[in-house]
Number of protein chains: 2
Amino acid sequence: MKSMESVFEIIAEPNRRAILSLLVSSQQSVGEIERRLRMPQPTVSKHLRVLREAGFVESRVDAQRRLYRLKPEPFQEVDAWLDRFRRFWSEHVDALERHLDRMDQSTPKKGKTRT
Amino acid sequence: MKSMESVFEIIAEPNRRAILSLLVSSQQSVGEIERRLRMPQPTVSKHLRVLREAGFVESRVDAQRRLYRLKPEPFQEVDAWLDRFRRFWSEHVDALERHLDRMDQSTPKKGKTRT
DNA sequence: CCTGTATATGCCTTGACACGTATATGCGCC
DNA sequence: GGCGCATATACGTGTCAAGGCATATACAGG
């Protein structure tokens, strides 16, 4: 088994991203994830395994349940990678502003937020 | 002409990330990328095609050469995705600091568990 | 203990994708 | 126009991850 070396391959999988998004609000049991995402239980367990081995989540035992929750490190790794390119796209601020404008369109004014 | 729907699958490929990293300094021709990354030319062209169709790069024609350069939008998309989790990991500032400490490290300590 | 619930794992199939090799296209130059 | 360089594409092949299904383990309660 050589698999899954990089964090990028981990988050390439849509179901895994769905699980991560679900966990961002709070920790969840396998069964809850299964129900909420309407995903077969073995599928959930397998993805959770991958996520756990990659350090994206950790599990706590609660009776027969296992509660999974996020861990920050791998996200920071992605963030660090992106950082190189942030320098680049700051040269394209105009396009960036238009883009953010479209995404964050709750701000009618020029909401120049954080980094 | 099938999948590759998401930006995450695009950057999951190590060679593609290498190309992107190379392009962050300046635009490059296919031949330059080929030489610098010691990668067969068809491989380079294929990856560039994927990157272009995903909006990561664009090409300019210069005689027989094609100069490729980065485009910011897909990176911003990744950044937007990460944003959700930034809120989360700000609750873990302590762990974050430890992590950055290890990454940015100049202090040789007792090396515990890596990764 | 036995049963039911919760989660994990094993096996098999399938499909996507990366790669190598060969070939096609585009362009410049003589 | 024919040659040569730079880049793109086509085809065949191997690999590996994801999903389905069956089953194993773990634990709680009667």
# chains A, B, ... in the order shown; residues from 1 in each chain; ligands from 1
call {"tool": "interface_residues", "arguments": {"of": "chain B", "to": "chain A", "cutoff": "9 Å", "atoms": "only C-alpha atoms", "output": "PyMOL selection string"}}
result
chain B and resi 6-14+20-21+24-25+70-73+75-76+78-80+82+84-90+92+95-96+99+115
call {"tool": "residues_around", "arguments": {"residues": "DA8 (chain C)", "least_positions_apart": "5", "cutoff": "9 Å", "atoms": "only C-alpha atoms (C1' of nucleotides)", "output": "PyMOL selection string"}}
result
(chain A and resi 42+45-46) or (chain D and resi 24-25)
call {"tool": "write_last_selection", "arguments": {"atoms": "C-alpha atoms (C1' of nucleotides)", "output": "mmCIF file, in the first residue's frame"}}
result
data_model
loop_
_atom_site.group_PDB
_atom_site.id
_atom_site.type_symbol
_atom_site.label_atom_id
_atom_site.label_comp_id
_atom_site.auth_asym_id
_atom_site.auth_seq_id
_atom_site.Cartn_x
_atom_site.Cartn_y
_atom_site.Cartn_z
ATOM 1 C CA PRO A 42 -18.653 1.256 4.623
ATOM 2 C CA SER A 45 -15.802 4.403 7.285
ATOM 3 C CA LYS A 46 -13.283 4.002 4.511
ATOM 4 C "C1'" DA D 24 -15.875 -9.333 11.050
ATOM 5 C "C1'" DT D 25 -15.121 -6.911 15.419
#
call {"tool": "interface_residues", "arguments": {"of": "chain B", "to": "chain D", "cutoff": "10 Å", "atoms": "only C-alpha atoms (C1' of nucleotides)", "output": "list in words"}}
result
Ser29, Val30, Gly31, Gln41, Pro42, Val44, Ser45, Lys46, Arg49, Ala63, Gln64, Arg65 and Arg66 of chain B
call {"tool": "interface_residues", "arguments": {"of": "chain C", "to": "chain B", "cutoff": "12 Å", "atoms": "only C-alpha atoms (C1' of nucleotides)", "output": "list in words"}}
result
DG15, DA16, DC17, DA18, DC19, DG20, DT21, DA22, DT23, DT25, DG26, DC27 and DG28 of chain C
call {"tool": "atom_distance", "arguments": {"atom1": "CA of Glu32 (chain B)", "atom2": "CA of Arg52 (chain B)"}}
result
17.1 Å
call {"tool": "atom_distance", "arguments": {"atom1": "CA of Arg69 (chain A)", "atom2": "CA of Leu22 (chain A)"}}
result
9.7 Å
call {"tool": "atom_distance", "arguments": {"atom1": "CA of Leu37 (chain A)", "atom2": "CA of Ile19 (chain A)"}}
result
7.9 Å
